[in-house]
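Participant: The file below is run12.pdb, PDB, C-alpha atoms:
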ATOM      1  CA  MET A 288      32.333  32.083 100.756
ATOM      2  CA  PRO A 289      34.561  35.006 100.103
ATOM      3  CA  ARG A 290      33.238  37.915  98.168
ATOM      4  CA  ARG A 291      35.881  37.562  95.430
ATOM      5  CA  ALA A 292      34.881  33.939  94.757
ATOM      6  CA  ARG A 293      31.199  34.844  94.570
ATOM      7  CA  HIS A 294      31.996  37.621  92.123
ATOM      8  CA  GLU A 295      33.993  35.297  89.833
ATOM      9  CA  ALA A 296      31.195  32.687  89.894
ATOM     10  CA  ARG A 297      28.644  35.346  88.975
ATOM     11  CA  GLU A 298      30.850  36.507  86.091
ATOM     12  CA  ARG A 299      31.196  32.963  84.751
ATOM     13  CA  HIS A 300      27.436  32.535  84.976
ATOM     14  CA  HIS A 301      26.792  35.749  83.054
ATOM     15  CA  GLU A 302      29.463  34.802  80.500
ATOM     16  CA  ARG A 303      27.814  31.443  79.963
ATOM     17  CA  ARG A 304      24.404  33.100  79.514
ATOM     18  CA  ARG A 305      25.905  35.561  77.020
ATOM     19  CA  ASP A 306      27.451  32.690  75.086
ATOM     20  CA  ILE A 307      24.141  30.799  75.031
ATOM     21  CA  ARG A 308      22.292  33.934  73.957
ATOM     22  CA  LYS A 309      24.923  34.649  71.260
ATOM     23  CA  ARG A 310      24.778  31.097  69.900
ATOM     24  CA  PHE A 311      20.960  31.235  69.948
ATOM     25  CA  PHE A 312      20.828  34.445  67.898
ATOM     26  CA  GLU A 313      23.542  33.124  65.594
ATOM     27  CA  GLU A 314      21.587  29.937  64.934
ATOM     28  CA  LEU A 315      18.394  31.964  64.558
ATOM     29  CA  ARG A 316      20.090  34.251  62.019
ATOM     30  CA  LYS A 317      21.464  31.256  60.085
ATOM     31  CA  ALA A 318      18.052  29.539  60.060
ATOM     32  CA  PHE A 319      16.333  32.734  58.974
ATOM     33  CA  ILE A 320      18.842  33.355  56.155
ATOM     34  CA  SER A 321      18.649  29.693  55.073
ATOM     35  CA  ARG A 322      14.864  29.866  55.007
ATOM     36  CA  ILE A 323      14.947  33.077  52.964
ATOM     37  CA  ARG A 324      17.467  31.639  50.529
ATOM     38  CA  LYS A 325      15.509  28.372  50.146
ATOM     39  CA  GLY A 326      12.289  30.267  49.499
ATOM     40  CA  PHE A 327      14.055  32.489  46.982
ATOM     41  CA  ARG A 328      15.568  29.498  45.183
ATOM     42  CA  ASP A 329      12.193  27.755  45.138
ATOM     43  CA  SER A 330      10.564  30.896  43.752
ATOM     44  CA  ILE A 331      13.226  31.184  41.045
ATOM     45  CA  ARG A 332      12.822  27.501  40.184
ATOM     46  CA  ARG A 333       9.044  27.818  39.979
ATOM     47  CA  TYR A 334       9.429  30.919  37.841
ATOM     48  CA  ILE A 335      11.792  29.134  35.457
ATOM     49  CA  GLU A 336       9.473  26.119  35.232
ATOM     50  CA  ASP A 337       6.470  28.349  34.584
ATOM     51  CA  TRP A 338       8.408  30.219  31.925
ATOM     52  CA  GLU A 339       9.469  26.977  30.235
ATOM     53  CA  ARG A 340       5.857  25.742  30.164
ATOM     54  CA  PHE A 341       4.688  29.085  28.806
ATOM     55  CA  ARG A 342       7.371  29.080  26.129
ATOM     56  CA  GLU A 343       6.511  25.491  25.126
ATOM     57  CA  THR A 344       2.825  26.396  24.904
ATOM     58  CA  ILE A 345       3.579  29.405  22.718
ATOM     59  CA  SER A 346       5.833  27.260  20.519
ATOM     60  CA  LEU A 347       3.087  24.649  20.060
ATOM     61  CA  ILE A 348       0.542  27.341  19.222
ATOM     62  CA  LEU A 349       2.887  28.892  16.653
ATOM     63  CA  ASP A 350       3.617  25.481  15.117
ATOM     64  CA  ALA A 351      -0.105  24.777  14.877
ATOM     65  CA  MET A 352      -0.736  28.166  13.297
ATOM     66  CA  ARG A 353       2.066  27.686  10.793
ATOM     67  CA  GLY A 354       0.873  24.165  10.018
ATOM     68  CA  ARG A 355      -2.685  25.353   9.456
ATOM     69  CA  ALA A 356      -1.499  28.144   7.182
ATOM     70  CA  ARG A 357       0.580  25.661   5.227
ATOM     71  CA  VAL A 358      -2.364  23.256   4.792
ATOM     72  CA  VAL A 359      -4.844  25.979   3.862
ATOM     73  CA  PHE A 360      -2.813  28.207   1.592
ATOM     74  CA  VAL A 361       0.117  26.177   0.209
ATOM     75  CA  GLN A 362      -0.760  24.054  -2.825
ATOM     76  CA  ARG A 363       1.586  21.942  -4.902
ATOM     77  CA  HIS A 364       1.718  22.607  -8.638
ATOM     78  CA  VAL A 365       2.776  20.470 -11.564
ATOM     79  CA  MET A 366       3.530  22.977 -14.288
ATOM     80  CA  PHE A 367       4.880  20.703 -17.038
ATOM     81  CA  PRO A 368       3.200  17.266 -17.269
ATOM     82  CA  THR A 369       5.584  14.891 -19.020
ATOM     83  CA  ARG A 370       2.913  12.535 -20.348
ATOM     84  CA  VAL A 371       1.690  15.091 -22.886
ATOM     85  CA  ARG A 372       5.116  15.094 -24.521
ATOM     86  CA  GLU A 373       5.236  11.299 -24.336
ATOM     87  CA  TYR A 374       1.919  10.935 -26.206
ATOM     88  CA  TYR A 375       3.117  13.362 -28.842
ATOM     89  CA  GLN A 376       6.210  11.234 -29.475
ATOM     90  CA  TYR A 377       4.148   8.047 -29.904
ATOM     91  CA  ASP A 378       1.788   9.788 -32.334
ATOM     92  CA  LYS A 379       4.675  11.172 -34.352
ATOM     93  CA  PHE A 380       6.374   7.785 -34.476
ATOM     94  CA  LEU A 381       3.131   6.144 -35.647
ATOM     95  CA  MET A 382       2.621   8.686 -38.424
ATOM     96  CA  ASP A 383       6.216   8.360 -39.623
ATOM     97  CA  MET A 384       5.865   4.606 -40.136
ATOM     98  CA  PRO A 385       5.255   3.162 -43.623
ATOM     99  CA  GLU A 386       1.602   2.960 -44.559
ATOM    100  CA  ASP A 387       1.376  -0.832 -44.516
ATOM    101  CA  LEU A 388       2.928  -1.110 -41.053
ATOM    102  CA  ARG A 389       0.769   1.730 -39.758
ATOM    103  CA  ASN A 390      -2.380  -0.007 -41.043
ATOM    104  CA  THR A 391      -1.239  -3.200 -39.334
ATOM    105  CA  VAL A 392      -0.989  -1.414 -35.996
ATOM    106  CA  ILE A 393      -4.411   0.187 -36.413
ATOM    107  CA  ASN A 394      -6.052  -3.113 -37.374
ATOM    108  CA  VAL A 395      -4.504  -4.901 -34.384
ATOM    109  CA  LEU A 396      -5.735  -2.186 -32.017
ATOM    110  CA  ARG A 397      -9.225  -2.317 -33.503
ATOM    111  CA  GLN A 398      -9.497  -6.105 -33.321
ATOM    112  CA  LEU A 399      -8.077  -6.158 -29.785
ATOM    113  CA  SER A 400     -10.658  -3.680 -28.488
ATOM    114  CA  ALA A 401     -13.562  -5.311 -30.336
ATOM    115  CA  ARG A 402     -12.751  -8.927 -29.461
ATOM    116  CA  LYS A 403     -10.748  -8.540 -26.214
ATOM    117  CA  TYR A 404      -8.221 -10.915 -27.717
ATOM    118  CA  ILE A 405      -5.025 -10.737 -29.772
ATOM    119  CA  ASP A 406      -3.625 -13.596 -31.799
ATOM    120  CA  PRO A 407      -0.184 -14.636 -30.452
ATOM    121  CA  ARG A 408       0.970 -15.249 -34.012
ATOM    122  CA  VAL A 409       0.663 -11.543 -34.676
ATOM    123  CA  ILE A 410       3.067 -10.807 -31.801
ATOM    124  CA  GLU A 411       5.459 -13.473 -33.093
ATOM    125  CA  ARG A 412       5.386 -12.003 -36.593
ATOM    126  CA  TYR A 413       5.537  -8.348 -35.487
ATOM    127  CA  PRO A 414       7.310  -8.273 -32.087
ATOM    128  CA  TRP A 415       7.714  -4.480 -32.275
ATOM    129  CA  ILE A 416       3.929  -4.082 -32.054
ATOM    130  CA  LYS A 417       4.148  -4.711 -28.289
ATOM    131  CA  TYR A 418       5.411  -1.158 -27.816
ATOM    132  CA  PHE A 419       2.231   0.226 -29.363
ATOM    133  CA  LEU A 420       0.150  -2.024 -27.100
ATOM    134  CA  TRP A 421       1.962  -0.581 -24.077
ATOM    135  CA  ALA A 422       1.356   2.950 -25.357
ATOM    136  CA  PHE A 423      -2.254   2.789 -26.627
ATOM    137  CA  VAL A 424      -4.046  -0.050 -24.774
ATOM    138  CA  ALA A 425      -5.028   0.492 -21.144
ATOM    139  CA  TYR A 426      -4.728  -3.220 -20.346
ATOM    140  CA  TYR A 427      -1.009  -3.209 -21.211
ATOM    141  CA  SER A 428      -0.149   0.343 -20.140
ATOM    142  CA  LYS A 429       2.073   1.118 -17.188
ATOM    143  CA  TYR A 430       0.696   2.317 -13.870
ATOM    144  CA  PRO A 431      -1.174   4.552 -13.110
ATOM    145  CA  CYS A 432      -2.700   4.603 -16.614
ATOM    146  CA  THR A 433      -3.436   0.901 -16.613
ATOM    147  CA  HIS A 434      -6.807  -0.776 -16.178
ATOM    148  CA  MET A 435      -8.374  -4.179 -16.690
ATOM    149  CA  ALA A 436     -10.110  -3.098 -19.880
ATOM    150  CA  TYR A 437      -9.303  -3.438 -23.575
ATOM    151  CA  ILE A 438      -9.803   0.207 -24.438
ATOM    152  CA  ILE A 439      -7.735   2.267 -26.868
ATOM    153  CA  LYS A 440      -6.150   5.627 -26.174
ATOM    154  CA  LEU A 441      -7.732   8.297 -28.385
ATOM    155  CA  THR A 442      -5.065  10.714 -29.591
ATOM    156  CA  PRO A 443      -5.080  13.233 -32.462
ATOM    157  CA  VAL A 444      -3.687  10.428 -34.665
ATOM    158  CA  THR A 445      -5.619   7.329 -33.585
ATOM    159  CA  ILE A 446      -9.007   9.085 -33.572
ATOM    160  CA  ASN A 447      -8.715   9.679 -37.320
ATOM    161  CA  PHE A 448      -8.557   5.913 -37.995
ATOM    162  CA  PHE A 449     -11.583   5.044 -35.860
ATOM    163  CA  GLY A 450     -14.024   7.580 -37.245
ATOM    164  CA  GLY A 451     -17.500   6.215 -37.984
ATOM    165  CA  LEU A 452     -17.204   3.282 -35.578
ATOM    166  CA  ARG A 453     -19.310   2.793 -32.478
ATOM    167  CA  ILE A 454     -17.108   4.030 -29.627
ATOM    168  CA  THR A 455     -17.790   4.096 -25.905
ATOM    169  CA  TYR A 456     -15.691   6.830 -24.352
ATOM    170  CA  TYR A 457     -13.839   6.371 -21.077
ATOM    171  CA  VAL A 458     -11.832   8.793 -18.996
ATOM    172  CA  ILE A 459      -8.867   7.627 -16.884
ATOM    173  CA  ARG A 460      -7.453  10.013 -14.294
ATOM    174  CA  TRP A 461      -5.043   9.438 -11.424
ATOM    175  CA  ALA A 462      -4.008  11.168  -8.211
ATOM    176  CA  TYR A 463      -2.337  10.508  -4.897
ATOM    177  CA  ALA A 464      -4.609   9.601  -2.009
ATOM    178  CA  ARG A 465      -3.509  12.657  -0.011
ATOM    179  CA  ASP A 466      -4.806  14.905  -2.811
ATOM    180  CA  VAL A 467      -8.182  13.133  -2.953
ATOM    181  CA  LYS A 468      -8.869  13.042   0.778
ATOM    182  CA  ALA A 469     -10.848  15.890   2.307
ATOM    183  CA  ASP A 470      -8.726  18.601   3.885
ATOM    184  CA  PRO A 471      -9.192  18.672   7.693
ATOM    185  CA  TYR A 472      -9.481  22.480   7.712
ATOM    186  CA  ILE A 473     -11.360  23.501   4.577
ATOM    187  CA  GLY A 474     -13.176  20.199   3.872
ATOM    188  CA  ARG A 475     -14.930  19.631   0.549
ATOM    189  CA  SER A 476     -17.033  21.998  -1.470
ATOM    190  CA  ARG A 477     -19.650  19.381  -2.389
ATOM    191  CA  THR A 478     -21.036  15.914  -1.731
ATOM    192  CA  VAL A 479     -18.908  13.326  -3.513
ATOM    193  CA  ASP A 480     -19.548   9.905  -4.940
ATOM    194  CA  ILE A 481     -19.515   6.953  -2.527
ATOM    195  CA  TYR A 482     -16.487   5.456  -4.289
ATOM    196  CA  VAL A 483     -14.506   8.659  -3.730
ATOM    197  CA  SER A 484     -15.377   8.691  -0.031
ATOM    198  CA  PHE A 485     -13.769   5.263   0.440
ATOM    199  CA  PHE A 486     -10.350   6.625  -0.538
ATOM    200  CA  ARG A 487      -9.981   7.991   2.995
ATOM    201  CA  TRP A 488      -8.857   4.516   4.072
ATOM    202  CA  LYS A 489      -5.839   4.574   1.761
ATOM    203  CA  TYR A 490      -2.382   5.746   2.724
ATOM    204  CA  ASP A 491      -1.385   9.234   1.611
ATOM    205  CA  GLU A 492       1.314   7.935  -0.756
ATOM    206  CA  ASP A 493      -0.975   5.459  -2.536
ATOM    207  CA  LEU A 494      -1.431   6.204  -6.227
ATOM    208  CA  ILE A 495      -4.990   5.595  -7.349
ATOM    209  CA  ASN A 496      -6.603   5.889 -10.755
ATOM    210  CA  PHE A 497     -10.172   6.720 -11.733
ATOM    211  CA  MET A 498     -11.788   5.119 -14.772
ATOM    212  CA  GLU A 499     -15.180   6.616 -15.563
ATOM    213  CA  VAL A 500     -17.414   5.665 -18.450
ATOM    214  CA  ALA A 501     -18.482   8.789 -20.347
ATOM    215  CA  ASP A 502     -20.828   8.285 -23.298
ATOM    216  CA  GLU A 503     -21.124   6.737 -26.733
ATOM    217  CA  GLY A 504     -20.205   8.312 -30.038
ATOM    218  CA  ILE A 505     -18.856   7.724 -33.514
ATOM    219  CA  GLY A 506     -15.393   9.197 -33.124
ATOM    220  CA  ASP A 507     -16.458  12.665 -34.240
ATOM    221  CA  TRP A 508     -14.550  15.658 -32.857
ATOM    222  CA  ASN A 509     -17.861  17.224 -31.806
ATOM    223  CA  ASP A 510     -19.065  14.274 -29.718
ATOM    224  CA  SER A 511     -19.997  15.263 -26.170
ATOM    225  CA  VAL A 512     -17.895  13.622 -23.451
ATOM    226  CA  PRO A 513     -19.096  13.855 -19.808
ATOM    227  CA  LEU A 514     -16.026  14.323 -17.604
ATOM    228  CA  SER A 515     -17.599  14.210 -14.139
ATOM    229  CA  ARG A 516     -20.643  12.814 -12.385
ATOM    230  CA  ASP A 517     -22.447  13.881  -9.242
ATOM    231  CA  ALA A 518     -23.219  11.809  -6.145
ATOM    232  CA  PHE A 519     -26.101  10.122  -8.021
ATOM    233  CA  ARG A 520     -23.820   9.203 -10.975
ATOM    234  CA  ASN A 521     -25.518  11.645 -13.308
ATOM    235  CA  PRO A 522     -23.351  13.514 -15.861
ATOM    236  CA  GLU A 523     -22.884  17.127 -14.840
ATOM    237  CA  TYR A 524     -19.989  18.519 -16.912
ATOM    238  CA  SER A 525     -19.510  17.689 -20.610
ATOM    239  CA  ILE A 526     -17.152  19.080 -23.239
ATOM    240  CA  PRO A 527     -16.554  18.249 -26.916
ATOM    241  CA  LEU A 528     -14.221  15.381 -27.706
ATOM    242  CA  ARG A 529     -11.716  17.679 -29.443
ATOM    243  CA  ARG A 530     -11.304  19.754 -26.291
ATOM    244  CA  ALA A 531     -10.902  16.667 -24.072
ATOM    245  CA  ILE A 532      -8.129  15.337 -26.337
ATOM    246  CA  LEU A 533      -6.297  18.544 -27.275
ATOM    247  CA  GLN A 534      -6.750  20.416 -23.973
ATOM    248  CA  PRO A 535      -6.295  17.860 -21.159
ATOM    249  CA  HIS A 536      -6.316  20.499 -18.416
ATOM    250  CA  TRP A 537     -10.128  20.552 -18.701
ATOM    251  CA  VAL A 538     -10.196  16.883 -17.690
ATOM    252  CA  ARG A 539      -8.015  17.495 -14.631
ATOM    253  CA  GLN A 540     -10.121  20.475 -13.627
ATOM    254  CA  ALA A 541     -13.309  18.400 -13.898
ATOM    255  CA  LEU A 542     -11.793  15.709 -11.657
ATOM    256  CA  ALA A 543     -10.783  18.287  -9.037
ATOM    257  CA  LYS A 544     -14.308  19.688  -8.971
ATOM    258  CA  MET A 545     -15.826  16.206  -8.813
ATOM    259  CA  ILE A 546     -13.896  15.346  -5.629
ATOM    260  CA  GLY A 547     -14.836  18.702  -4.094
ATOM    261  CA  LYS A 548     -11.306  20.164  -4.179
ATOM    262  CA  PRO A 549     -11.026  22.547  -7.147
ATOM    263  CA  GLU A 550      -7.723  23.879  -5.790
ATOM    264  CA  ALA A 551      -6.063  20.477  -6.486
ATOM    265  CA  PHE A 552      -6.495  20.514 -10.268
ATOM    266  CA  THR A 553      -2.757  21.107 -10.808
ATOM    267  CA  VAL A 554      -1.679  17.953  -8.945
ATOM    268  CA  VAL A 555      -4.167  15.391 -10.277
ATOM    269  CA  GLY A 556      -3.133  13.542 -13.417
ATOM    270  CA  HIS A 557      -4.849  12.716 -16.683
ATOM    271  CA  CYS A 558      -3.971   9.722 -18.842
ATOM    272  CA  SER A 559      -6.168  10.276 -21.882
ATOM    273  CA  ILE A 560      -9.599   9.784 -23.344
ATOM    274  CA  TYR A 561     -10.017   6.091 -24.146
ATOM    275  CA  GLY A 562     -12.461   4.328 -26.406
ATOM    276  CA  MET A 563     -13.971   0.856 -26.513
ATOM    277  CA  LEU A 564     -14.609   0.007 -30.163
ATOM    278  CA  GLU A 565     -17.665  -1.756 -31.569
ATOM    279  CA  ARG A 566     -18.839  -3.097 -28.194
ATOM    280  CA  PRO A 567     -21.643  -1.868 -25.917
ATOM    281  CA  SER A 568     -20.906  -0.959 -22.322
ATOM    282  CA  LYS A 569     -23.015  -2.651 -19.662
ATOM    283  CA  THR A 570     -22.090   0.009 -17.092
ATOM    284  CA  LEU A 571     -23.243   2.786 -19.402
ATOM    285  CA  GLN A 572     -26.614   1.107 -19.870
ATOM    286  CA  LEU A 573     -27.030   0.741 -16.106
ATOM    287  CA  LEU A 574     -26.198   4.421 -15.650
ATOM    288  CA  LYS A 575     -28.741   5.497 -18.244
ATOM    289  CA  TYR A 576     -31.525   3.520 -16.547
ATOM    290  CA  GLN A 577     -30.387   4.450 -12.998
ATOM    291  CA  ASP A 578     -29.983   0.831 -11.985
ATOM    292  CA  ARG A 579     -29.240   0.409  -8.277
ATOM    293  CA  ARG A 580     -26.330  -1.903  -9.046
ATOM    294  CA  VAL A 581     -24.187   1.039 -10.167
ATOM    295  CA  PHE A 582     -24.372   2.456  -6.649
ATOM    296  CA  GLY A 583     -23.674  -0.796  -4.832
ATOM    297  CA  GLY A 584     -22.936  -1.224  -1.155
ATOM    298  CA  ARG A 585     -19.241  -1.464  -0.470
ATOM    299  CA  PRO A 586     -18.381  -2.691   3.058
ATOM    300  CA  ARG A 587     -16.062  -0.853   5.374
ATOM    301  CA  HIS A 588     -12.475  -2.029   5.724
ATOM    302  CA  ARG A 589     -12.854  -4.137   8.853
ATOM    303  CA  ILE A 590      -9.364  -5.628   8.589
ATOM    304  CA  LYS A 591      -7.695  -2.219   8.434
ATOM    305  CA  GLU A 592      -9.707  -0.982  11.408
ATOM    306  CA  ILE A 593      -8.701  -3.977  13.539
ATOM    307  CA  LEU A 594      -5.036  -3.549  12.640
ATOM    308  CA  TYR A 595      -5.207   0.139  13.454
ATOM    309  CA  ARG A 596      -6.861  -0.366  16.833
ATOM    310  CA  THR A 597      -4.402  -3.067  17.881
ATOM    311  CA  GLY A 598      -1.426  -0.879  17.015
ATOM    312  CA  LEU A 599      -0.214  -2.986  14.088
ATOM    313  CA  ARG A 600      -0.824  -0.227  11.544
ATOM    314  CA  ILE A 601       0.024   3.443  11.972
TER     315      ILE A 601
END
Could you render the structure from this file as structure tokens?
Facilitator:
Amino acid sequence: MPRRARHEARERHHERRRDIRKRFFEELRKAFISRIRKGFRDSIRRYIEDWERFRETISLILDAMRGRARVVFVQRHVMFPTRVREYYQYDKFLMDMPEDLRNTVINVLRQLSARKYIDPRVIERYPWIKYFLWAFVAYYSKYPCTHMAYIIKLTPVTINFFGGLRITYYVIRWAYARDVKADPYIGRSRTVDIYVSFFRWKYDEDLINFMEVADEGIGDWNDSVPLSRDAFRNPEYSIPLRRAILQPHWVRQALAKMIGKPEAFTVVGHCSIYGMLERPSKTLQLLKYQDRRVFGGRPRHRIKEILYRTGLRI
């Protein structure tokens, strides 16, 4: 083979080897750069995901801290209770009536509380007397100041017509279930009555009323009226009747302390001091003798628990 041909073949061989080597290093460079870029992108993605999780965690912690501060330190206030003005208007209207009509109203209220019955003929003859029944009798009053009892609201006007009679005093208060339930952060400041503890099963928006028998008296302004009882149903806080009627904030404060949440005294409500005329109270006698029937044994709400566990109640 001529020398020139051998030289050209050798050159082609070296050229082919250079091309292979060039393509190899080019592919190696591309693979190396691709691997570096993929690792960098994965690192950036992991960094962003870690940052998002960290930011979400911080946001949840801040929300929890703000929520706890709101539950612990923020308290609703009712500065101007409208029912006080409403009672004043009924008393003023009763005093402005003619004497014979006013005596008719007082006699009907007295007979209704003493006998637990009102003659329908009286309603037919005096249909306007129904408005006084709605205002002064707990059985006919509107919620939450209603109760299945024929007791009369004691106001600065009505108490003057019932003086000297045998009167069993009652106290009716009301509050929303969310204000009675124990706070999950600060709890209660005392052991409460068993009937108060069962309010934890109610919804937060439920409006509940408390009717508590107080004591007996004769309608005197100096009669002692127990406003709260301890876990053993013993009276623990009593004030004169004049203060309970003329200064109702004492009644609301006593209820707040009784449920172990003195900070809620501005949101609980107070209907009035009521009186049952010329009739003894069986509950009051049981309380005086510490009868076990006043404590009772109320069962748990099995139906509500089943509905909650099966997802039918939130």
Participant: Select, from A:Val444, A:Leu514, A:Ala469, A:Ala464, the residue with the minimum atom-to-atom distance to Asp383 (chain A), counting all atoms listed in the file.
Facilitator: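 When distances to Asp383 (chain A) are compared using all atoms listed in the file, the smallest one comes from A:Val444.
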Participant: Which residue is closest to Tyr457 (chain A)? Choose from A:Met384, A:Val538, A:Ile416, A:Ile560 and count only C-alpha atoms.
Facilitator: A:Ile560
Participant: Selected by the PyMOL selection byres ((chain A and resi 476) around 6) in the shown coordinates: which residues, as a PyMOL selection string?
Facilitator: chain A and resi 475+477+547
Participant: Evaluate the PyMOL selection byres ((chain A and resi 546) around 8) here and jot the selected residues down as a list of chain:residue names.
Facilitator: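 Answer for the PyMOL selection byres ((chain A and resi 546) around 8): A:Val467, A:Arg475, A:Arg477, A:Val479, A:Asp480, A:Val483, A:Leu542, A:Ala543, A:Lys544, A:Met545, A:Gly547, A:Lys548, A:Pro549.
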Participant: To test your reading of the syntax: which residues would the PyMOL selection byres ((chain A and resi 489-491) around 7) return for the file shown? Reply as a PyMOL selection string.
Facilitator: chain A and resi 463-465+486-488+492-493
Participant: Would you mind telling me which residue in A:Ala425, A:Ile473, A:Leu315, A:Leu574 lies nearest to Cys558 (chain A) when using all atoms listed in the file?
Facilitator: A:Ala425
Participant: Can you pull out the residues contacting region 429-438 of chain A? Cut-off 6 Å, using only C-alpha atoms, and skip same-chain residues under 3 positions away; I want them as a list in words.
Facilitator: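 Answer for this query is Ser400, Lys403, Val424, Ala425, Tyr426, Cys558, Tyr561, Gly562 and Met563 of chain A.
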Participant: Within 7 Å of (-3.4, 7.7, -10.5), all atoms listed in the file: residues as a ChimeraX atom specification?
Facilitator: /A:431-432,460-463,494-497,556
Participant: If the box runs along x, y and z of the file and leaves 4 Å on each side of region 491-504 of chain A, what are its centre and edge lengths in Å, one decimal, as AutoDock Vina command-line options?
Facilitator:
--center_x -9.9 --center_y 7.2 --center_z -14.2 --size_x 30.4 --size_y 12.1 --size_z 39.6
Participant: Between A:Glu550, A:Glu411, A:Glu523, A:Glu503, which residue has the minimum interatomic distance to Asp470 (chain A), considering all atoms listed in the file?
Facilitator: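 Of all the options, A:Glu550 lies closest to Asp470 (chain A).
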Participant: Using Å and a single decimal, report how far CA of Gln376 (chain A) sits from CA of Tyr413 (chain A).
Facilitator: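 Going from CA of Tyr413 (chain A) over to CA of Gln376 (chain A) covers 20.5 Å.
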Participant: Which residue gives the smallest distance to Asp507 (chain A) among A:Gly474, A:Pro385, A:Pro535, A:Pro443, with only C-alpha atoms counted?
Facilitator: A:Pro443
Participant: As an exercise, work out the distance from CA of Asp517 (chain A) to CA of Ala531 (chain A) in Å and give it to one decimal place.
Facilitator: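 A separation of 19.0 Å between them.
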Participant: So the first atom is CA of Arg408 (chain A) and the second is CA of Asp378 (chain A); what is the distance between them in Å, to one decimal place?
Facilitator: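 CA of Arg408 (chain A) sits 25.1 Å away from CA of Asp378 (chain A).
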Participant: Which residues are close to Thr445 (chain A), i.e. within 8 Å by all atoms listed in the file, leaving aside same-chain residues fewer than 4 positions away? Reply as an MDAnalysis selection string.
Facilitator: chainID A and resid 378 393 440:441 449
Participant: Neighbouring residues of Asn394 (chain A) were defined as those with any atom within 10 Å, considering all atoms listed in the file; residues of the same chain fewer than 5 positions away were excluded. Please report them as a ChimeraX atom specification.
Facilitator: /A:388-389,399,448-449
